[in-house]
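K.L.:
This is final29.pdb (PDB, C-alpha atoms).
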ATOM      1  CA  MET A   1     -29.267  48.876 -50.863  1.00  0.00           C
ATOM      2  CA  ARG A   2     -28.281  52.530 -51.478  1.00  0.00           C
ATOM      3  CA  VAL A   3     -28.794  53.528 -55.113  1.00  0.00           C
ATOM      4  CA  VAL A   4     -27.913  56.564 -57.239  1.00  0.00           C
ATOM      5  CA  VAL A   5     -29.945  57.080 -60.422  1.00  0.00           C
ATOM      6  CA  LEU A   6     -28.627  59.034 -63.415  1.00  0.00           C
ATOM      7  CA  GLU A   7     -31.660  59.989 -65.525  1.00  0.00           C
ATOM      8  CA  ASP A   8     -32.640  63.291 -67.155  1.00  0.00           C
ATOM      9  CA  GLU A   9     -36.285  62.566 -68.066  1.00  0.00           C
ATOM     10  CA  ARG A  10     -38.772  62.882 -65.199  1.00  0.00           C
ATOM     11  CA  PRO A  11     -41.375  60.370 -66.479  1.00  0.00           C
ATOM     12  CA  ALA A  12     -38.660  57.796 -67.159  1.00  0.00           C
ATOM     13  CA  LEU A  13     -37.216  58.403 -63.683  1.00  0.00           C
ATOM     14  CA  GLU A  14     -40.583  57.906 -61.976  1.00  0.00           C
ATOM     15  CA  GLN A  15     -41.261  54.706 -63.921  1.00  0.00           C
ATOM     16  CA  LEU A  16     -37.820  53.324 -63.103  1.00  0.00           C
ATOM     17  CA  LEU A  17     -38.115  54.141 -59.394  1.00  0.00           C
ATOM     18  CA  ALA A  18     -41.526  52.471 -59.208  1.00  0.00           C
ATOM     19  CA  ALA A  19     -40.190  49.364 -60.932  1.00  0.00           C
ATOM     20  CA  VAL A  20     -37.124  49.239 -58.667  1.00  0.00           C
ATOM     21  CA  HIS A  21     -39.166  49.546 -55.466  1.00  0.00           C
ATOM     22  CA  ALA A  22     -41.622  46.928 -56.708  1.00  0.00           C
ATOM     23  CA  CYS A  23     -38.724  44.502 -57.224  1.00  0.00           C
ATOM     24  CA  ARG A  24     -36.799  45.402 -54.074  1.00  0.00           C
ATOM     25  CA  PRO A  25     -38.592  47.495 -51.437  1.00  0.00           C
ATOM     26  CA  ASP A  26     -35.344  47.720 -49.441  1.00  0.00           C
ATOM     27  CA  VAL A  27     -33.764  50.020 -52.043  1.00  0.00           C
ATOM     28  CA  GLU A  28     -32.994  53.544 -50.844  1.00  0.00           C
ATOM     29  CA  VAL A  29     -32.530  56.050 -53.670  1.00  0.00           C
ATOM     30  CA  VAL A  30     -30.007  58.483 -52.204  1.00  0.00           C
ATOM     31  CA  ALA A  31     -29.764  60.723 -55.291  1.00  0.00           C
ATOM     32  CA  ALA A  32     -31.463  61.201 -58.658  1.00  0.00           C
ATOM     33  CA  ILE A  33     -29.187  63.231 -60.942  1.00  0.00           C
ATOM     34  CA  ASP A  34     -29.799  64.512 -64.476  1.00  0.00           C
ATOM     35  CA  SER A  35     -26.392  65.761 -65.609  1.00  0.00           C
ATOM     36  CA  VAL A  36     -22.812  64.572 -65.970  1.00  0.00           C
ATOM     37  CA  ALA A  37     -21.454  67.556 -64.039  1.00  0.00           C
ATOM     38  CA  ASP A  38     -23.763  67.027 -61.063  1.00  0.00           C
ATOM     39  CA  ALA A  39     -23.100  63.281 -61.058  1.00  0.00           C
ATOM     40  CA  VAL A  40     -19.343  63.794 -60.938  1.00  0.00           C
ATOM     41  CA  ALA A  41     -19.698  66.359 -58.143  1.00  0.00           C
ATOM     42  CA  TRP A  42     -22.005  64.107 -56.119  1.00  0.00           C
ATOM     43  CA  LEU A  43     -19.848  61.004 -56.438  1.00  0.00           C
ATOM     44  CA  ARG A  44     -16.739  62.954 -55.432  1.00  0.00           C
ATOM     45  CA  SER A  45     -18.373  64.369 -52.295  1.00  0.00           C
ATOM     46  CA  HIS A  46     -20.496  61.495 -50.949  1.00  0.00           C
ATOM     47  CA  PRO A  47     -19.899  57.931 -49.776  1.00  0.00           C
ATOM     48  CA  GLU A  48     -20.057  55.490 -52.639  1.00  0.00           C
ATOM     49  CA  PRO A  49     -23.511  53.923 -53.140  1.00  0.00           C
ATOM     50  CA  ASP A  50     -24.182  50.214 -53.509  1.00  0.00           C
ATOM     51  CA  LEU A  51     -25.410  50.621 -57.091  1.00  0.00           C
ATOM     52  CA  VAL A  52     -25.634  53.198 -59.882  1.00  0.00           C
ATOM     53  CA  LEU A  53     -28.507  52.988 -62.355  1.00  0.00           C
ATOM     54  CA  ALA A  54     -27.498  55.088 -65.349  1.00  0.00           C
ATOM     55  CA  ASP A  55     -29.148  56.275 -68.527  1.00  0.00           C
ATOM     56  CA  VAL A  56     -26.515  56.778 -71.236  1.00  0.00           C
ATOM     57  CA  ARG A  57     -27.584  60.261 -72.301  1.00  0.00           C
ATOM     58  CA  LEU A  58     -27.951  63.025 -69.721  1.00  0.00           C
ATOM     59  CA  THR A  59     -28.677  66.732 -70.136  1.00  0.00           C
ATOM     60  CA  ASP A  60     -25.043  67.712 -70.755  1.00  0.00           C
ATOM     61  CA  GLY A  61     -23.543  64.581 -72.322  1.00  0.00           C
ATOM     62  CA  ARG A  62     -23.135  60.845 -71.902  1.00  0.00           C
ATOM     63  CA  SER A  63     -23.037  59.233 -68.491  1.00  0.00           C
ATOM     64  CA  LEU A  64     -20.008  57.255 -69.690  1.00  0.00           C
ATOM     65  CA  SER A  65     -18.058  60.464 -69.049  1.00  0.00           C
ATOM     66  CA  VAL A  66     -18.941  60.215 -65.366  1.00  0.00           C
ATOM     67  CA  PHE A  67     -17.098  56.914 -65.029  1.00  0.00           C
ATOM     68  CA  GLU A  68     -14.083  58.324 -66.843  1.00  0.00           C
ATOM     69  CA  ALA A  69     -13.907  61.259 -64.410  1.00  0.00           C
ATOM     70  CA  VAL A  70     -14.605  59.370 -61.175  1.00  0.00           C
ATOM     71  CA  GLU A  71     -13.514  55.914 -60.080  1.00  0.00           C
ATOM     72  CA  VAL A  72     -16.757  54.113 -59.300  1.00  0.00           C
ATOM     73  CA  ARG A  73     -16.170  50.737 -57.691  1.00  0.00           C
ATOM     74  CA  CYS A  74     -19.788  49.796 -57.058  1.00  0.00           C
ATOM     75  CA  PRO A  75     -21.839  47.937 -59.708  1.00  0.00           C
ATOM     76  CA  VAL A  76     -23.339  50.001 -62.527  1.00  0.00           C
ATOM     77  CA  VAL A  77     -26.449  48.972 -64.442  1.00  0.00           C
ATOM     78  CA  PHE A  78     -27.239  50.971 -67.568  1.00  0.00           C
ATOM     79  CA  VAL A  79     -30.913  51.644 -68.290  1.00  0.00           C
ATOM     80  CA  THR A  80     -31.314  53.346 -71.644  1.00  0.00           C
ATOM     81  CA  ALA A  81     -33.144  53.518 -74.958  1.00  0.00           C
ATOM     82  CA  TYR A  82     -29.876  53.306 -76.917  1.00  0.00           C
ATOM     83  CA  ASP A  83     -28.519  49.864 -77.721  1.00  0.00           C
ATOM     84  CA  GLN A  84     -25.371  51.070 -79.531  1.00  0.00           C
ATOM     85  CA  TYR A  85     -23.501  51.761 -76.269  1.00  0.00           C
ATOM     86  CA  THR A  86     -23.646  48.242 -74.839  1.00  0.00           C
ATOM     87  CA  MET A  87     -19.924  47.508 -75.175  1.00  0.00           C
ATOM     88  CA  ALA A  88     -18.924  50.986 -74.020  1.00  0.00           C
ATOM     89  CA  GLY A  89     -21.136  50.566 -70.971  1.00  0.00           C
ATOM     90  CA  LEU A  90     -19.631  47.222 -70.067  1.00  0.00           C
ATOM     91  CA  GLU A  91     -16.121  48.591 -70.579  1.00  0.00           C
ATOM     92  CA  ALA A  92     -17.015  51.441 -68.205  1.00  0.00           C
ATOM     93  CA  GLY A  93     -17.705  48.917 -65.447  1.00  0.00           C
ATOM     94  CA  GLY A  94     -21.330  48.084 -66.117  1.00  0.00           C
ATOM     95  CA  ILE A  95     -22.544  44.656 -65.002  1.00  0.00           C
ATOM     96  CA  ASP A  96     -25.787  44.802 -66.998  1.00  0.00           C
ATOM     97  CA  TYR A  97     -27.411  46.808 -69.791  1.00  0.00           C
ATOM     98  CA  LEU A  98     -31.209  47.169 -69.884  1.00  0.00           C
ATOM     99  CA  LEU A  99     -33.192  48.715 -72.697  1.00  0.00           C
ATOM    100  CA  LYS A 100     -36.228  50.953 -72.207  1.00  0.00           C
ATOM    101  CA  PRO A 101     -39.061  50.355 -71.728  1.00  0.00           C
ATOM    102  CA  VAL A 102     -37.674  48.319 -68.859  1.00  0.00           C
ATOM    103  CA  ASP A 103     -38.983  44.788 -68.495  1.00  0.00           C
ATOM    104  CA  PRO A 104     -39.721  44.406 -64.730  1.00  0.00           C
ATOM    105  CA  ALA A 105     -38.637  40.763 -64.782  1.00  0.00           C
ATOM    106  CA  ARG A 106     -35.367  41.724 -66.461  1.00  0.00           C
ATOM    107  CA  LEU A 107     -34.814  44.494 -63.913  1.00  0.00           C
ATOM    108  CA  ALA A 108     -35.419  42.030 -61.075  1.00  0.00           C
ATOM    109  CA  VAL A 109     -32.710  39.768 -62.496  1.00  0.00           C
ATOM    110  CA  ALA A 110     -30.240  42.674 -62.620  1.00  0.00           C
ATOM    111  CA  LEU A 111     -30.999  43.721 -59.035  1.00  0.00           C
ATOM    112  CA  GLU A 112     -30.659  40.145 -57.840  1.00  0.00           C
ATOM    113  CA  LYS A 113     -27.253  39.996 -59.537  1.00  0.00           C
ATOM    114  CA  VAL A 114     -26.209  43.106 -57.594  1.00  0.00           C
ATOM    115  CA  ALA A 115     -27.481  41.594 -54.330  1.00  0.00           C
ATOM    116  CA  ARG A 116     -25.483  38.402 -54.930  1.00  0.00           C
ATOM    117  CA  LEU A 117     -22.332  40.392 -55.636  1.00  0.00           C
ATOM    118  CA  ARG A 118     -22.798  42.384 -52.418  1.00  0.00           C
ATOM    119  CA  ALA A 119     -23.315  39.212 -50.399  1.00  0.00           C
ATOM    120  CA  HIS A 120     -20.228  37.614 -51.934  1.00  0.00           C
ATOM    121  CA  PHE A 121     -17.841  40.509 -51.395  1.00  0.00           C
ATOM    122  CA  THR A 122     -19.090  41.484 -47.938  1.00  0.00           C
ATOM    123  CA  GLY A 123     -19.196  37.901 -46.724  1.00  0.00           C
ATOM    124  CA  ARG A 124     -22.816  38.335 -45.634  1.00  0.00           C
ATOM    125  CA  GLU A 125     -25.570  36.076 -46.848  1.00  0.00           C
ATOM    126  CA  PRO A 126     -28.888  37.757 -47.648  1.00  0.00           C
ATOM    127  CA  ARG A 127     -31.306  37.623 -44.713  1.00  0.00           C
ATOM    128  CA  SER A 128     -33.872  34.829 -44.972  1.00  0.00           C
ATOM    129  CA  PRO A 129     -37.503  35.960 -45.338  1.00  0.00           C
ATOM    130  CA  ARG A 130     -39.440  35.941 -42.087  1.00  0.00           C
ATOM    131  CA  GLN A 131     -41.649  32.901 -41.448  1.00  0.00           C
ATOM    132  CA  ARG A 132     -44.038  34.416 -38.879  1.00  0.00           C
ATOM    133  CA  VAL A 133     -45.446  37.835 -38.016  1.00  0.00           C
ATOM    134  CA  LEU A 134     -46.248  38.917 -34.453  1.00  0.00           C
ATOM    135  CA  VAL A 135     -49.711  40.471 -34.047  1.00  0.00           C
ATOM    136  CA  ARG A 136     -51.796  41.995 -31.256  1.00  0.00           C
ATOM    137  CA  ARG A 137     -55.387  41.158 -30.406  1.00  0.00           C
ATOM    138  CA  SER A 138     -57.261  41.804 -27.148  1.00  0.00           C
ATOM    139  CA  GLY A 139     -54.021  42.634 -25.370  1.00  0.00           C
ATOM    140  CA  GLU A 140     -52.332  39.364 -26.337  1.00  0.00           C
ATOM    141  CA  MET A 141     -49.565  38.667 -28.809  1.00  0.00           C
ATOM    142  CA  HIS A 142     -49.765  35.889 -31.400  1.00  0.00           C
ATOM    143  CA  ALA A 143     -47.416  34.610 -34.100  1.00  0.00           C
ATOM    144  CA  VAL A 144     -49.140  34.139 -37.462  1.00  0.00           C
ATOM    145  CA  PRO A 145     -47.362  31.881 -40.007  1.00  0.00           C
ATOM    146  CA  VAL A 146     -46.830  33.668 -43.324  1.00  0.00           C
ATOM    147  CA  GLU A 147     -48.699  30.938 -45.224  1.00  0.00           C
ATOM    148  CA  ASP A 148     -51.852  31.915 -43.274  1.00  0.00           C
ATOM    149  CA  ILE A 149     -51.637  35.600 -44.276  1.00  0.00           C
ATOM    150  CA  ALA A 150     -53.869  36.939 -47.069  1.00  0.00           C
ATOM    151  CA  TRP A 151     -52.811  40.562 -46.997  1.00  0.00           C
ATOM    152  CA  PHE A 152     -51.750  43.605 -44.984  1.00  0.00           C
ATOM    153  CA  THR A 153     -53.433  46.981 -45.259  1.00  0.00           C
ATOM    154  CA  THR A 154     -53.437  50.329 -43.461  1.00  0.00           C
ATOM    155  CA  GLU A 155     -56.547  51.662 -41.757  1.00  0.00           C
ATOM    156  CA  HIS A 156     -56.761  54.697 -39.483  1.00  0.00           C
ATOM    157  CA  ARG A 157     -52.945  54.797 -39.266  1.00  0.00           C
ATOM    158  CA  LEU A 158     -52.819  51.172 -38.128  1.00  0.00           C
ATOM    159  CA  VAL A 159     -51.301  48.279 -40.058  1.00  0.00           C
ATOM    160  CA  LEU A 160     -53.715  45.362 -40.186  1.00  0.00           C
ATOM    161  CA  LEU A 161     -52.978  41.741 -41.010  1.00  0.00           C
ATOM    162  CA  VAL A 162     -55.863  39.738 -42.497  1.00  0.00           C
ATOM    163  CA  THR A 163     -55.575  35.963 -42.502  1.00  0.00           C
ATOM    164  CA  ARG A 164     -56.901  33.595 -45.156  1.00  0.00           C
ATOM    165  CA  GLN A 165     -59.676  32.735 -42.674  1.00  0.00           C
ATOM    166  CA  GLY A 166     -60.709  36.398 -42.426  1.00  0.00           C
ATOM    167  CA  GLN A 167     -59.229  37.158 -38.989  1.00  0.00           C
ATOM    168  CA  ARG A 168     -57.929  40.701 -38.498  1.00  0.00           C
ATOM    169  CA  PHE A 169     -54.980  41.636 -36.305  1.00  0.00           C
ATOM    170  CA  VAL A 170     -52.982  44.789 -35.581  1.00  0.00           C
ATOM    171  CA  VAL A 171     -49.278  44.601 -36.501  1.00  0.00           C
ATOM    172  CA  ASP A 172     -46.576  46.733 -34.871  1.00  0.00           C
ATOM    173  CA  ARG A 173     -44.637  47.011 -38.140  1.00  0.00           C
ATOM    174  CA  THR A 174     -44.825  49.389 -41.085  1.00  0.00           C
ATOM    175  CA  LEU A 175     -45.805  48.145 -44.529  1.00  0.00           C
ATOM    176  CA  ALA A 176     -42.382  49.255 -45.779  1.00  0.00           C
ATOM    177  CA  ASP A 177     -40.634  47.070 -43.173  1.00  0.00           C
ATOM    178  CA  LEU A 178     -42.885  44.097 -43.881  1.00  0.00           C
ATOM    179  CA  ALA A 179     -42.303  44.403 -47.628  1.00  0.00           C
ATOM    180  CA  THR A 180     -38.553  44.057 -47.111  1.00  0.00           C
ATOM    181  CA  GLU A 181     -38.806  41.216 -44.577  1.00  0.00           C
ATOM    182  CA  LEU A 182     -41.312  38.929 -46.315  1.00  0.00           C
ATOM    183  CA  ASP A 183     -40.634  36.644 -49.265  1.00  0.00           C
ATOM    184  CA  PRO A 184     -40.952  38.756 -52.448  1.00  0.00           C
ATOM    185  CA  GLU A 185     -42.056  35.644 -54.320  1.00  0.00           C
ATOM    186  CA  ARG A 186     -45.120  35.435 -52.045  1.00  0.00           C
ATOM    187  CA  PHE A 187     -45.947  39.084 -51.244  1.00  0.00           C
ATOM    188  CA  PHE A 188     -46.289  42.180 -53.458  1.00  0.00           C
ATOM    189  CA  ARG A 189     -46.912  45.781 -52.396  1.00  0.00           C
ATOM    190  CA  ILE A 190     -49.553  46.946 -54.884  1.00  0.00           C
ATOM    191  CA  ASN A 191     -49.722  50.518 -53.537  1.00  0.00           C
ATOM    192  CA  ARG A 192     -48.855  52.478 -50.418  1.00  0.00           C
ATOM    193  CA  SER A 193     -51.702  50.912 -48.426  1.00  0.00           C
ATOM    194  CA  TRP A 194     -51.720  47.252 -49.476  1.00  0.00           C
ATOM    195  CA  LEU A 195     -49.280  44.321 -49.335  1.00  0.00           C
ATOM    196  CA  VAL A 196     -50.925  41.172 -50.715  1.00  0.00           C
ATOM    197  CA  SER A 197     -50.117  37.478 -50.841  1.00  0.00           C
ATOM    198  CA  VAL A 198     -50.174  35.733 -54.183  1.00  0.00           C
ATOM    199  CA  ASP A 199     -52.387  33.049 -52.623  1.00  0.00           C
ATOM    200  CA  ALA A 200     -55.095  35.641 -51.877  1.00  0.00           C
ATOM    201  CA  ILE A 201     -55.432  36.890 -55.473  1.00  0.00           C
ATOM    202  CA  ARG A 202     -58.374  35.362 -57.338  1.00  0.00           C
ATOM    203  CA  GLY A 203     -58.251  37.638 -60.367  1.00  0.00           C
ATOM    204  CA  PHE A 204     -58.057  41.239 -61.511  1.00  0.00           C
ATOM    205  CA  ARG A 205     -59.671  43.681 -63.922  1.00  0.00           C
ATOM    206  CA  SER A 206     -59.000  47.145 -65.271  1.00  0.00           C
ATOM    207  CA  ALA A 207     -59.665  49.986 -62.841  1.00  0.00           C
ATOM    208  CA  GLY A 208     -59.031  52.753 -65.383  1.00  0.00           C
ATOM    209  CA  LYS A 209     -56.068  55.105 -65.740  1.00  0.00           C
ATOM    210  CA  GLY A 210     -53.707  52.146 -66.191  1.00  0.00           C
ATOM    211  CA  ARG A 211     -54.592  50.608 -62.821  1.00  0.00           C
ATOM    212  CA  LEU A 212     -55.835  47.136 -61.874  1.00  0.00           C
ATOM    213  CA  SER A 213     -58.490  46.171 -59.330  1.00  0.00           C
ATOM    214  CA  LEU A 214     -57.859  42.879 -57.522  1.00  0.00           C
ATOM    215  CA  SER A 215     -60.391  40.280 -56.478  1.00  0.00           C
ATOM    216  CA  LEU A 216     -59.186  38.843 -53.179  1.00  0.00           C
ATOM    217  CA  ALA A 217     -60.057  35.926 -50.939  1.00  0.00           C
ATOM    218  CA  PRO A 218     -61.310  36.446 -48.349  1.00  0.00           C
ATOM    219  CA  GLU A 219     -63.431  39.214 -49.879  1.00  0.00           C
ATOM    220  CA  THR A 220     -62.882  42.804 -48.818  1.00  0.00           C
ATOM    221  CA  ASP A 221     -65.185  45.813 -48.992  1.00  0.00           C
ATOM    222  CA  ARG A 222     -62.205  48.070 -49.687  1.00  0.00           C
ATOM    223  CA  ASP A 223     -60.681  48.567 -53.132  1.00  0.00           C
ATOM    224  CA  ALA A 224     -57.371  46.728 -53.578  1.00  0.00           C
ATOM    225  CA  VAL A 225     -55.964  48.595 -56.572  1.00  0.00           C
ATOM    226  CA  VAL A 226     -52.573  48.138 -58.191  1.00  0.00           C
ATOM    227  CA  SER A 227     -51.075  51.588 -58.859  1.00  0.00           C
ATOM    228  CA  ALA A 228     -50.414  52.304 -62.532  1.00  0.00           C
ATOM    229  CA  GLU A 229     -46.653  52.540 -61.988  1.00  0.00           C
ATOM    230  CA  PHE A 230     -46.610  49.045 -60.439  1.00  0.00           C
ATOM    231  CA  VAL A 231     -48.793  47.254 -63.019  1.00  0.00           C
ATOM    232  CA  GLY A 232     -45.915  46.033 -65.215  1.00  0.00           C
ATOM    233  CA  ALA A 233     -43.960  44.680 -62.259  1.00  0.00           C
ATOM    234  CA  PHE A 234     -47.130  43.155 -60.792  1.00  0.00           C
ATOM    235  CA  ARG A 235     -47.953  41.261 -63.976  1.00  0.00           C
ATOM    236  CA  ALA A 236     -44.367  39.988 -64.213  1.00  0.00           C
ATOM    237  CA  TRP A 237     -44.519  38.904 -60.543  1.00  0.00           C
ATOM    238  CA  LEU A 238     -47.748  36.951 -61.092  1.00  0.00           C
ATOM    239  CA  ASP A 239     -46.368  35.331 -64.239  1.00  0.00           C
ATOM    240  CA  ARG A 240     -43.227  33.883 -62.614  1.00  0.00           C
TER     241      ARG A 240
END
In structure tokens, what does this structure look like?

P.N.:
Amino acid sequence: MRVVVLEDERPALEQLLAAVHACRPDVEVVAAIDSVADAVAWLRSHPEPDLVLADVRLTDGRSLSVFEAVEVRCPVVFVTAYDQYTMAGLEAGGIDYLLKPVDPARLAVALEKVARLRAHFTGREPRSPRQRVLVRRSGEMHAVPVEDIAWFTTEHRLVLLVTRQGQRFVVDRTLADLATELDPERFFRINRSWLVSVDAIRGFRSAGKGRLSLSLAPETDRDAVVSAEFVGAFRAWLDR
């Protein structure tokens, strides 16, 4: 899913991007734009994205002006601190209106709505999550069922799969690819180096600086820490 984000505050942008990628790792942010003028210029000169995430107020005016100046046919989801523009946003073509601070569960619902619309109008059903992962060990290939997987992690530039029985295998896939191919209800990418199964999580505690440290089964001697920007989405994922 190719996404354009209209947001003029850097911290808010970073938080939104982290929440989006936690919900849907397959999202590609093709542009992050902070002004009406730049948004109009970009949309006029580039292929239309699959989704626009738009704050209402940008550096030089309201993003509603963008949709008056350019015909945008893709879905638009407004993400803003201002609730008084709800009707104006919907009249401008918005399909949802989220208030800051963004609730990760609410964002996931909006992104799922976009995915369903894409599948409907393109005639393509969303790809089913993979059921097995091919691994290498001692020169042989094996297929590991996803229900046997505890987590994936990176080590010395290799991607490792660890089973619930503690077996370790090398995987010829990137964590980014695996995150998009596995069931998001079962697996969550807690940081750049870890993708964990919900069945492997025994608990968590504060790790300082807004982060969480996970207790996993089987046990690991490496720290499995949820990045601060993913904590909200992680808690919402666990609480489903």

K.L.:
Scan for residues within 10 Å of the point (-60.3, 47.7, -53.6) in the coordinates of the file, using only C-alpha atoms, and reply as JSON, numbers by chain.

P.N.:
{"A": [194, 207, 212, 213, 214, 215, 216, 219, 220, 221, 222, 223, 224, 225, 226]}

K.L.:
Keeping C-alpha atoms, export the residues of the selection given above as a short mmCIF file (atom, residue, chain, number, x, y, z; two decimals), in the coordinates of the input.

P.N.:
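Generated file (result04.cif):
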data_model
loop_
_atom_site.label_atom_id
_atom_site.label_comp_id
_atom_site.auth_asym_id
_atom_site.auth_seq_id
_atom_site.Cartn_x
_atom_site.Cartn_y
_atom_site.Cartn_z
CA TRP A 194 -51.72 47.25 -49.48
CA ALA A 207 -59.66 49.99 -62.84
CA LEU A 212 -55.84 47.14 -61.87
CA SER A 213 -58.49 46.17 -59.33
CA LEU A 214 -57.86 42.88 -57.52
CA SER A 215 -60.39 40.28 -56.48
CA LEU A 216 -59.19 38.84 -53.18
CA GLU A 219 -63.43 39.21 -49.88
CA THR A 220 -62.88 42.80 -48.82
CA ASP A 221 -65.18 45.81 -48.99
CA ARG A 222 -62.20 48.07 -49.69
CA ASP A 223 -60.68 48.57 -53.13
CA ALA A 224 -57.37 46.73 -53.58
CA VAL A 225 -55.96 48.60 -56.57
CA VAL A 226 -52.57 48.14 -58.19
#

K.L.:
Leaving out Trp237 in chain A and any residue of its chain fewer than 2 positions from it, which residues lie within 10 Å of it when counting all atoms listed in the file, given as number ranges by chain?

P.N.:
A: 22-23, 104-105, 108, 184-188, 198, 231-235, 239-240

K.L.:
Can you tell me which residues surround Leu195 in chain A at a distance of at most 8 Å, considering all atoms listed in the file, apart from same-chain residues fewer than 3 positions away, and format the answer as a short mmCIF file (atom, residue, chain, number, x, y, z; two decimals) with C-alpha atoms, keeping the file's coordinate frame?

P.N.:
data_model
loop_
_atom_site.label_atom_id
_atom_site.label_comp_id
_atom_site.auth_asym_id
_atom_site.auth_seq_id
_atom_site.Cartn_x
_atom_site.Cartn_y
_atom_site.Cartn_z
CA TRP A 151 -52.81 40.56 -47.00
CA PHE A 152 -51.75 43.60 -44.98
CA THR A 153 -53.43 46.98 -45.26
CA LEU A 175 -45.80 48.14 -44.53
CA ALA A 179 -42.30 44.40 -47.63
CA PHE A 187 -45.95 39.08 -51.24
CA PHE A 188 -46.29 42.18 -53.46
CA ARG A 189 -46.91 45.78 -52.40
CA ILE A 190 -49.55 46.95 -54.88
CA ASN A 191 -49.72 50.52 -53.54
#

K.L.:
Taking the file above as input, evaluate the PyMOL selection byres ((chain A and resi 5) around 9) and report the hits as a list in words.

P.N.:
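Given this file, the PyMOL selection byres ((chain A and resi 5) around 9) evaluates to Val3, Val4, Leu6, Glu7, Leu13, Leu17, Val29, Val30, Ala31, Ala32, Ile33, Asp34, Leu51, Val52, Leu53, Ala54 and Asp55 of chain A.
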
K.L.:
For the atom pair CA of Met141 in chain A and CA of Ser193 in chain A, what is the interatomic distance in Å to one decimal place?

P.N.:
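Computing it gives 23.2 Å between the two atoms.
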
K.L.:
Between CA of Tyr85 in chain A and CA of Val56 in chain A, what distance in Å does the model show, to one decimal?

P.N.:
7.7 Å

K.L.:
Leaving out Ser128 in chain A and any residue of its chain fewer than 6 positions from it, which residues lie within 9 Å of it when counting only C-alpha atoms, given as a list in words?

P.N.:
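Result of the neighbour search: Glu181, Leu182 and Asp183 of chain A.
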
K.L.:
Please return, as number ranges by chain, all polymer residues that have at least one atom within 9 Å of the point (-35.9, 66.1, -69.7); use all atoms listed in the file and the file's own coordinate frame.

P.N.:
A: 7-11, 34, 58-59
